[in-house]
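Data from structure-v8.pdb: PDB, C-alpha atoms, pLDDT in the B column
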ATOM      1  CA  MET A   1      34.741  97.083 110.337  1.00 46.00           C
ATOM      2  CA  LYS A   2      34.855 100.781 111.244  1.00 47.00           C
ATOM      3  CA  ILE A   3      33.020 100.087 114.485  1.00 49.00           C
ATOM      4  CA  TRP A   4      35.548  97.397 115.498  1.00 44.00           C
ATOM      5  CA  CYS A   5      38.442  99.749 114.734  1.00 39.00           C
ATOM      6  CA  ALA A   6      36.855 102.493 116.818  1.00 42.00           C
ATOM      7  CA  VAL A   7      36.225 100.089 119.713  1.00 40.00           C
ATOM      8  CA  ALA A   8      39.794  98.754 119.557  1.00 42.00           C
ATOM      9  CA  LEU A   9      41.212 102.280 119.457  1.00 39.00           C
ATOM     10  CA  THR A  10      39.026 103.334 122.385  1.00 45.00           C
ATOM     11  CA  MET A  11      40.321 100.378 124.384  1.00 43.00           C
ATOM     12  CA  LEU A  12      43.977 100.990 123.468  1.00 42.00           C
ATOM     13  CA  LEU A  13      44.114 104.734 124.121  1.00 43.00           C
ATOM     14  CA  PRO A  14      43.911 104.434 127.915  1.00 50.00           C
ATOM     15  CA  LEU A  15      46.642 101.773 127.807  1.00 47.00           C
ATOM     16  CA  SER A  16      48.967 103.933 125.732  1.00 58.00           C
ATOM     17  CA  SER A  17      48.238 106.907 127.976  1.00 62.00           C
ATOM     18  CA  ALA A  18      49.038 104.843 131.081  1.00 66.00           C
ATOM     19  CA  HIS A  19      52.180 103.540 129.374  1.00 80.00           C
ATOM     20  CA  ALA A  20      53.276 107.118 128.567  1.00 87.00           C
ATOM     21  CA  ASP A  21      52.672 108.222 132.176  1.00 93.00           C
ATOM     22  CA  VAL A  22      54.748 105.316 133.491  1.00 94.00           C
ATOM     23  CA  LEU A  23      57.585 106.118 131.071  1.00 93.00           C
ATOM     24  CA  GLN A  24      57.532 109.812 131.991  1.00 94.00           C
ATOM     25  CA  THR A  25      57.674 108.959 135.697  1.00 95.00           C
ATOM     26  CA  ALA A  26      60.649 106.651 135.100  1.00 96.00           C
ATOM     27  CA  PHE A  27      62.459 109.163 132.843  1.00 95.00           C
ATOM     28  CA  ASP A  28      62.001 111.922 135.442  1.00 95.00           C
ATOM     29  CA  ALA A  29      63.385 109.692 138.226  1.00 96.00           C
ATOM     30  CA  VAL A  30      66.473 108.721 136.213  1.00 95.00           C
ATOM     31  CA  ASN A  31      67.020 112.328 135.082  1.00 94.00           C
ATOM     32  CA  ALA A  32      66.947 113.530 138.713  1.00 95.00           C
ATOM     33  CA  ARG A  33      69.467 110.855 139.735  1.00 94.00           C
ATOM     34  CA  LEU A  34      71.799 111.622 136.823  1.00 93.00           C
ATOM     35  CA  LYS A  35      71.589 115.376 137.463  1.00 93.00           C
ATOM     36  CA  PHE A  36      72.578 114.723 141.071  1.00 91.00           C
ATOM     37  CA  GLN A  37      75.653 112.945 139.667  1.00 89.00           C
ATOM     38  CA  GLY A  38      76.495 115.846 137.295  1.00 89.00           C
ATOM     39  CA  GLY A  39      74.759 114.535 134.172  1.00 90.00           C
ATOM     40  CA  GLY A  40      71.187 114.255 133.023  1.00 91.00           C
ATOM     41  CA  LEU A  41      68.863 112.356 130.701  1.00 91.00           C
ATOM     42  CA  VAL A  42      67.662 113.536 127.294  1.00 91.00           C
ATOM     43  CA  LEU A  43      65.092 111.815 125.115  1.00 88.00           C
ATOM     44  CA  PHE A  44      66.532 112.449 121.645  1.00 84.00           C
ATOM     45  CA  HIS A  45      70.036 112.369 120.151  1.00 82.00           C
ATOM     46  CA  ALA A  46      69.289 115.809 118.677  1.00 84.00           C
ATOM     47  CA  SER A  47      69.311 117.146 122.259  1.00 87.00           C
ATOM     48  CA  CYS A  48      72.994 116.228 122.625  1.00 87.00           C
ATOM     49  CA  HIS A  49      75.611 118.813 121.670  1.00 83.00           C
ATOM     50  CA  HIS A  50      76.713 118.744 118.031  1.00 83.00           C
ATOM     51  CA  PRO A  51      79.557 118.451 117.361  1.00 84.00           C
ATOM     52  CA  LEU A  52      79.942 116.028 120.246  1.00 84.00           C
ATOM     53  CA  ASP A  53      81.259 117.570 123.432  1.00 89.00           C
ATOM     54  CA  PRO A  54      83.488 115.218 125.463  1.00 89.00           C
ATOM     55  CA  ASN A  55      82.373 117.073 128.619  1.00 89.00           C
ATOM     56  CA  ASP A  56      78.667 116.386 128.000  1.00 90.00           C
ATOM     57  CA  ASN A  57      77.910 113.859 130.754  1.00 90.00           C
ATOM     58  CA  ARG A  58      74.258 113.419 129.838  1.00 92.00           C
ATOM     59  CA  GLU A  59      72.762 110.163 128.654  1.00 93.00           C
ATOM     60  CA  VAL A  60      70.251 109.801 125.830  1.00 92.00           C
ATOM     61  CA  VAL A  61      67.425 107.250 125.857  1.00 93.00           C
ATOM     62  CA  GLY A  62      68.059 104.465 123.358  1.00 91.00           C
ATOM     63  CA  SER A  63      65.083 102.272 124.253  1.00 92.00           C
ATOM     64  CA  SER A  64      62.849 101.362 127.146  1.00 94.00           C
ATOM     65  CA  THR A  65      60.729  98.437 128.287  1.00 94.00           C
ATOM     66  CA  VAL A  66      57.749  98.570 130.626  1.00 95.00           C
ATOM     67  CA  VAL A  67      56.505  95.560 132.592  1.00 95.00           C
ATOM     68  CA  PHE A  68      53.225  95.863 134.485  1.00 94.00           C
ATOM     69  CA  LEU A  69      53.553  93.854 137.698  1.00 94.00           C
ATOM     70  CA  SER A  70      50.113  94.705 139.095  1.00 92.00           C
ATOM     71  CA  LYS A  71      47.488  97.439 138.812  1.00 90.00           C
ATOM     72  CA  THR A  72      49.707  99.770 140.868  1.00 92.00           C
ATOM     73  CA  ASP A  73      53.252  98.495 140.270  1.00 95.00           C
ATOM     74  CA  GLN A  74      55.434  98.689 137.168  1.00 96.00           C
ATOM     75  CA  ALA A  75      59.068  98.174 136.252  1.00 97.00           C
ATOM     76  CA  VAL A  76      60.825 100.187 133.550  1.00 97.00           C
ATOM     77  CA  LEU A  77      64.195  99.298 132.046  1.00 97.00           C
ATOM     78  CA  ILE A  78      65.807 102.281 130.283  1.00 96.00           C
ATOM     79  CA  ASN A  79      68.765 101.735 127.942  1.00 94.00           C
ATOM     80  CA  THR A  80      70.944 104.774 127.304  1.00 93.00           C
ATOM     81  CA  ASP A  81      73.851 105.926 125.160  1.00 91.00           C
ATOM     82  CA  GLN A  82      76.349 108.655 125.999  1.00 91.00           C
ATOM     83  CA  CYS A  83      75.828 112.202 124.665  1.00 90.00           C
ATOM     84  CA  ASN A  84      79.616 112.680 124.673  1.00 89.00           C
ATOM     85  CA  GLY A  85      80.096 109.971 122.063  1.00 83.00           C
ATOM     86  CA  GLY A  86      81.652 107.496 124.486  1.00 80.00           C
ATOM     87  CA  ASN A  87      81.152 103.789 123.944  1.00 80.00           C
ATOM     88  CA  GLY A  88      79.776 103.113 127.416  1.00 80.00           C
ATOM     89  CA  SER A  89      76.257 101.807 127.808  1.00 80.00           C
ATOM     90  CA  GLY A  90      73.869 102.871 130.497  1.00 89.00           C
ATOM     91  CA  GLN A  91      70.951 100.921 131.823  1.00 95.00           C
ATOM     92  CA  HIS A  92      68.565 101.990 134.557  1.00 96.00           C
ATOM     93  CA  LEU A  93      65.903  99.923 136.305  1.00 97.00           C
ATOM     94  CA  VAL A  94      63.061 101.918 137.824  1.00 98.00           C
ATOM     95  CA  VAL A  95      60.399 100.267 139.972  1.00 98.00           C
ATOM     96  CA  ILE A  96      57.228 102.308 140.355  1.00 97.00           C
ATOM     97  CA  GLN A  97      54.963 101.300 143.240  1.00 96.00           C
ATOM     98  CA  ASN A  98      51.719 103.216 143.782  1.00 95.00           C
ATOM     99  CA  GLY A  99      53.051 106.005 141.551  1.00 94.00           C
ATOM    100  CA  GLU A 100      56.329 106.398 143.484  1.00 97.00           C
ATOM    101  CA  PRO A 101      59.457 105.696 141.433  1.00 98.00           C
ATOM    102  CA  ASN A 102      62.589 104.101 142.838  1.00 97.00           C
ATOM    103  CA  VAL A 103      65.748 103.895 140.718  1.00 97.00           C
ATOM    104  CA  ILE A 104      67.325 100.568 141.659  1.00 97.00           C
ATOM    105  CA  THR A 105      71.083 101.098 141.945  1.00 94.00           C
ATOM    106  CA  ASN A 106      72.391  98.266 144.112  1.00 94.00           C
ATOM    107  CA  ILE A 107      71.900  95.136 142.012  1.00 95.00           C
ATOM    108  CA  GLY A 108      74.832  95.383 139.602  1.00 94.00           C
ATOM    109  CA  ILE A 109      73.163  96.638 136.424  1.00 94.00           C
ATOM    110  CA  GLU A 110      75.958  98.569 134.733  1.00 91.00           C
ATOM    111  CA  ASP A 111      78.327  98.525 131.802  1.00 88.00           C
ATOM    112  CA  MET A 112      81.090  95.915 132.162  1.00 89.00           C
ATOM    113  CA  ASN A 113      79.100  94.012 134.801  1.00 93.00           C
ATOM    114  CA  PHE A 114      75.568  93.080 133.690  1.00 95.00           C
ATOM    115  CA  LEU A 115      73.299  94.555 131.011  1.00 94.00           C
ATOM    116  CA  ALA A 116      69.892  93.086 130.250  1.00 96.00           C
ATOM    117  CA  ASP A 117      68.589  92.228 126.795  1.00 94.00           C
ATOM    118  CA  HIS A 118      65.008  91.843 127.996  1.00 94.00           C
ATOM    119  CA  MET A 119      62.910  91.487 131.123  1.00 97.00           C
ATOM    120  CA  TYR A 120      59.598  90.105 132.303  1.00 96.00           C
ATOM    121  CA  GLY A 121      57.640  90.081 135.544  1.00 96.00           C
ATOM    122  CA  GLU A 122      56.278  87.128 137.464  1.00 95.00           C
ATOM    123  CA  GLY A 123      54.608  87.563 140.844  1.00 93.00           C
ATOM    124  CA  ASP A 124      56.662  89.985 142.945  1.00 94.00           C
ATOM    125  CA  SER A 125      59.820  89.469 140.874  1.00 96.00           C
ATOM    126  CA  ILE A 126      61.376  91.009 137.810  1.00 97.00           C
ATOM    127  CA  PHE A 127      63.596  88.742 135.717  1.00 98.00           C
ATOM    128  CA  LEU A 128      66.258  90.358 133.552  1.00 97.00           C
ATOM    129  CA  TYR A 129      68.141  88.230 131.040  1.00 98.00           C
ATOM    130  CA  GLY A 130      71.339  89.527 129.508  1.00 96.00           C
ATOM    131  CA  SER A 131      75.116  89.637 129.280  1.00 95.00           C
ATOM    132  CA  ARG A 132      77.494  89.206 132.198  1.00 95.00           C
ATOM    133  CA  TRP A 133      81.112  90.334 131.978  1.00 94.00           C
ATOM    134  CA  LEU A 134      83.632  88.279 133.893  1.00 94.00           C
ATOM    135  CA  GLN A 135      86.800  89.805 135.355  1.00 92.00           C
ATOM    136  CA  ASN A 136      89.022  89.455 132.265  1.00 94.00           C
ATOM    137  CA  ASP A 137      86.387  90.092 129.577  1.00 93.00           C
ATOM    138  CA  PRO A 138      87.048  92.995 127.167  1.00 92.00           C
ATOM    139  CA  HIS A 139      84.382  95.692 126.749  1.00 89.00           C
ATOM    140  CA  CYS A 140      83.321  94.280 123.397  1.00 89.00           C
ATOM    141  CA  CYS A 141      82.744  90.763 124.504  1.00 91.00           C
ATOM    142  CA  PRO A 142      81.011  89.666 127.690  1.00 93.00           C
ATOM    143  CA  SER A 143      81.604  85.946 128.009  1.00 93.00           C
ATOM    144  CA  ARG A 144      78.463  84.791 129.793  1.00 96.00           C
ATOM    145  CA  LYS A 145      74.708  85.078 129.742  1.00 97.00           C
ATOM    146  CA  ALA A 146      72.909  85.468 133.050  1.00 97.00           C
ATOM    147  CA  THR A 147      69.521  86.011 134.651  1.00 97.00           C
ATOM    148  CA  LEU A 148      69.123  88.663 137.314  1.00 97.00           C
ATOM    149  CA  GLU A 149      66.063  88.249 139.540  1.00 98.00           C
ATOM    150  CA  TYR A 150      64.898  91.222 141.609  1.00 98.00           C
ATOM    151  CA  ASN A 151      62.045  90.918 144.109  1.00 97.00           C
ATOM    152  CA  VAL A 152      60.234  94.260 144.356  1.00 95.00           C
ATOM    153  CA  LYS A 153      58.733  93.464 147.775  1.00 94.00           C
ATOM    154  CA  THR A 154      61.851  92.212 149.576  1.00 96.00           C
ATOM    155  CA  GLN A 155      64.325  94.193 147.407  1.00 95.00           C
ATOM    156  CA  GLU A 156      66.547  91.123 147.258  1.00 97.00           C
ATOM    157  CA  HIS A 157      68.311  90.086 144.086  1.00 97.00           C
ATOM    158  CA  LYS A 158      70.061  87.026 142.711  1.00 97.00           C
ATOM    159  CA  LEU A 159      72.316  86.707 139.663  1.00 96.00           C
ATOM    160  CA  THR A 160      72.443  83.278 138.045  1.00 97.00           C
ATOM    161  CA  LEU A 161      74.909  82.483 135.267  1.00 96.00           C
ATOM    162  CA  VAL A 162      73.379  80.533 132.399  1.00 95.00           C
ATOM    163  CA  PRO A 163      75.282  77.258 131.860  1.00 92.00           C
ATOM    164  CA  LYS A 164      77.337  77.191 128.663  1.00 83.00           C
TER     165      LYS A 164
END
Turn the structure described in the file into structure tokens.
Amino acid sequence: MKIWCAVALTMLLPLSSAHADVLQTAFDAVNARLKFQGGGLVLFHASCHHPLDPNDNREVVGSSTVVFLSKTDQAVLINTDQCNGGNGSGQHLVVIQNGEPNVITNIGIEDMNFLADHMYGEGDSIFLYGSRWLQNDPHCCPSRKATLEYNVKTQEHKLTLVPK
């Protein structure tokens, strides 16, 4: 039994190391973009100012999901909260191709528009499934579910509302 545990651990360590490298690359890319916009990204709520500072424009990582598209390409979805205590939600999609990160900003992933619950990869596409706010929806209650498909090769996207 000890041998099997050691073999399994030996096989998993490179995967967790690769996963950590992918996450760090994505976090760094989002942090650079947010700093350019006057904010930043922190990894822990303890890094936010306490008591809460309404002028703290940084975002804190709530969760993240990594999808391996190929040996060289990954997609990372980072969910964030506001360090200033605001009720807005942040979500950032980072596509990493051959080690080069690209924060995808032009496909409508944002609070009060579309936020994904989960994602998966298939071929050259990333599929994000989540909530879609319509024009008169309040912040609390997006009225539709939708799938957002993003092709990493063509950089085209398509939002499809899920039938009620």
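Residues matched by the PyMOL selection byres ((chain A and resi 84) around 8) in this structure: Cys48, His49, Leu52, Asp53, Pro54, Asn55, Asp56, Asn57, Arg58, Gln82, Cys83, Gly85 and Gly86 of chain A.
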| task | Report as a count of residues only the residues that result from applying the PyMOL selection byres ((chain A and resi 29) around 8) to the structure here. | result | 12
Inset, instruction - Could you tell me which of A:Leu148, A:Ser70, A:Gly38, A:Glu122 comes closest to A:Leu93 if we count all atoms listed in the file? - result: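 The answer is A:Leu148, which sits nearest to A:Leu93.
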re atom CA of A:Asp124 and atom CA of A:Asp111: distance 25.8 Å
Which residue of A:Met112, A:His118, A:Ser47, A:Gly40 approaches A:Asn79 most closely, using only C-alpha atoms
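Of A:Met112, A:His118, A:Ser47, A:Gly40, the one nearest A:Asn79, counting only C-alpha atoms, is A:His118.
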Env of A:Val67: 8 Å cut, atoms = only C-alpha atoms, seq-sep filter 2 positions within chain, self excluded. Answer as an NGL selection string.
:A and (65 or 69 or 74-76 or 119-121)
_When you look at stretch 159-161 of chain A with a cut-off of 12 Å (counting all atoms listed in the file), what residues show up, excluding the ones that are within fewer than 5 positions of it in the same chain? I need them as a PyMOL selection string._
chain A and resi 107-109+113-116+126-134+143-151
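Rounded to one decimal, atom CA of A:Ile104 and atom CA of A:Lys153 lie 12.7 Å from each other.
Atom CA of A:Asn106 lies 23.4 Å from atom CA of A:Cys141.
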task = Name the residues that the PyMOL selection byres ((chain A and resi 99) around 9) pulls out of this structure, and write them as a count of residues only.
result = 10
Closest of A:Asn136, A:Gln91, A:Gln24, A:Thr154 to A:Asp117, counting all atoms listed in the file, is A:Gln91
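Distances from A:Ser64, A:Val42, A:Asp81, A:Ser125 to A:Glu156 were compared using all atoms listed in the file, and the smallest one belongs to A:Ser125.
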My list of candidates is A:Val162, A:Val66, A:Leu34, A:Val61. Which is closest to A:Thr105 when distances are computed with all atoms listed in the file?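 So, comparing all the options, the nearest one is A:Leu34.
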Missing atoms in stretch 140-153 of chain A should be modelled up to N, CA, C and O atoms and reported as a PDB file, keeping the file's coordinate frame.
ATOM      1  N   CYS A 140      84.101  94.734 124.554  1.00 89.00           N
ATOM      2  CA  CYS A 140      83.321  94.280 123.397  1.00 89.00           C
ATOM      3  C   CYS A 140      82.606  92.963 123.628  1.00 89.00           C
ATOM      4  O   CYS A 140      81.624  92.666 122.961  1.00 89.00           O
ATOM      5  N   CYS A 141      83.116  92.168 124.553  1.00 91.00           N
ATOM      6  CA  CYS A 141      82.744  90.763 124.504  1.00 91.00           C
ATOM      7  C   CYS A 141      82.477  90.147 125.874  1.00 91.00           C
ATOM      8  O   CYS A 141      83.339  89.440 126.418  1.00 91.00           O
ATOM      9  N   PRO A 142      81.312  90.375 126.444  1.00 93.00           N
ATOM     10  CA  PRO A 142      81.011  89.666 127.690  1.00 93.00           C
ATOM     11  C   PRO A 142      80.943  88.165 127.402  1.00 93.00           C
ATOM     12  O   PRO A 142      80.446  87.754 126.356  1.00 93.00           O
ATOM     13  N   SER A 143      81.459  87.372 128.306  1.00 93.00           N
ATOM     14  CA  SER A 143      81.604  85.946 128.009  1.00 93.00           C
ATOM     15  C   SER A 143      80.447  85.083 128.495  1.00 93.00           C
ATOM     16  O   SER A 143      80.393  83.905 128.144  1.00 93.00           O
ATOM     17  N   ARG A 144      79.533  85.636 129.262  1.00 96.00           N
ATOM     18  CA  ARG A 144      78.463  84.791 129.793  1.00 96.00           C
ATOM     19  C   ARG A 144      77.103  85.458 129.648  1.00 96.00           C
ATOM     20  O   ARG A 144      76.987  86.674 129.561  1.00 96.00           O
ATOM     21  N   LYS A 145      76.088  84.625 129.642  1.00 97.00           N
ATOM     22  CA  LYS A 145      74.708  85.078 129.742  1.00 97.00           C
ATOM     23  C   LYS A 145      74.260  84.802 131.175  1.00 97.00           C
ATOM     24  O   LYS A 145      74.762  83.877 131.834  1.00 97.00           O
ATOM     25  N   ALA A 146      73.350  85.629 131.665  1.00 97.00           N
ATOM     26  CA  ALA A 146      72.909  85.468 133.050  1.00 97.00           C
ATOM     27  C   ALA A 146      71.471  85.951 133.197  1.00 97.00           C
ATOM     28  O   ALA A 146      70.961  86.698 132.359  1.00 97.00           O
ATOM     29  N   THR A 147      70.849  85.530 134.271  1.00 97.00           N
ATOM     30  CA  THR A 147      69.521  86.011 134.651  1.00 97.00           C
ATOM     31  C   THR A 147      69.648  86.696 136.006  1.00 97.00           C
ATOM     32  O   THR A 147      70.219  86.128 136.945  1.00 97.00           O
ATOM     33  N   LEU A 148      69.139  87.907 136.068  1.00 97.00           N
ATOM     34  CA  LEU A 148      69.123  88.663 137.314  1.00 97.00           C
ATOM     35  C   LEU A 148      67.675  88.745 137.780  1.00 97.00           C
ATOM     36  O   LEU A 148      66.812  89.255 137.061  1.00 97.00           O
ATOM     37  N   GLU A 149      67.409  88.203 138.956  1.00 98.00           N
ATOM     38  CA  GLU A 149      66.063  88.249 139.540  1.00 98.00           C
ATOM     39  C   GLU A 149      66.049  89.301 140.635  1.00 98.00           C
ATOM     40  O   GLU A 149      66.925  89.316 141.500  1.00 98.00           O
ATOM     41  N   TYR A 150      65.052  90.193 140.585  1.00 98.00           N
ATOM     42  CA  TYR A 150      64.898  91.222 141.609  1.00 98.00           C
ATOM     43  C   TYR A 150      63.482  91.148 142.150  1.00 98.00           C
ATOM     44  O   TYR A 150      62.507  91.250 141.396  1.00 98.00           O
ATOM     45  N   ASN A 151      63.354  90.963 143.463  1.00 97.00           N
ATOM     46  CA  ASN A 151      62.045  90.918 144.109  1.00 97.00           C
ATOM     47  C   ASN A 151      61.683  92.327 144.570  1.00 97.00           C
ATOM     48  O   ASN A 151      62.399  92.915 145.393  1.00 97.00           O
ATOM     49  N   VAL A 152      60.599  92.871 144.053  1.00 95.00           N
ATOM     50  CA  VAL A 152      60.234  94.260 144.356  1.00 95.00           C
ATOM     51  C   VAL A 152      59.723  94.425 145.782  1.00 95.00           C
ATOM     52  O   VAL A 152      59.785  95.528 146.328  1.00 95.00           O
ATOM     53  N   LYS A 153      59.234  93.370 146.394  1.00 94.00           N
ATOM     54  CA  LYS A 153      58.733  93.464 147.775  1.00 94.00           C
ATOM     55  C   LYS A 153      59.870  93.376 148.789  1.00 94.00           C
ATOM     56  O   LYS A 153      59.942  94.169 149.721  1.00 94.00           O
TER      57      LYS A 153
END
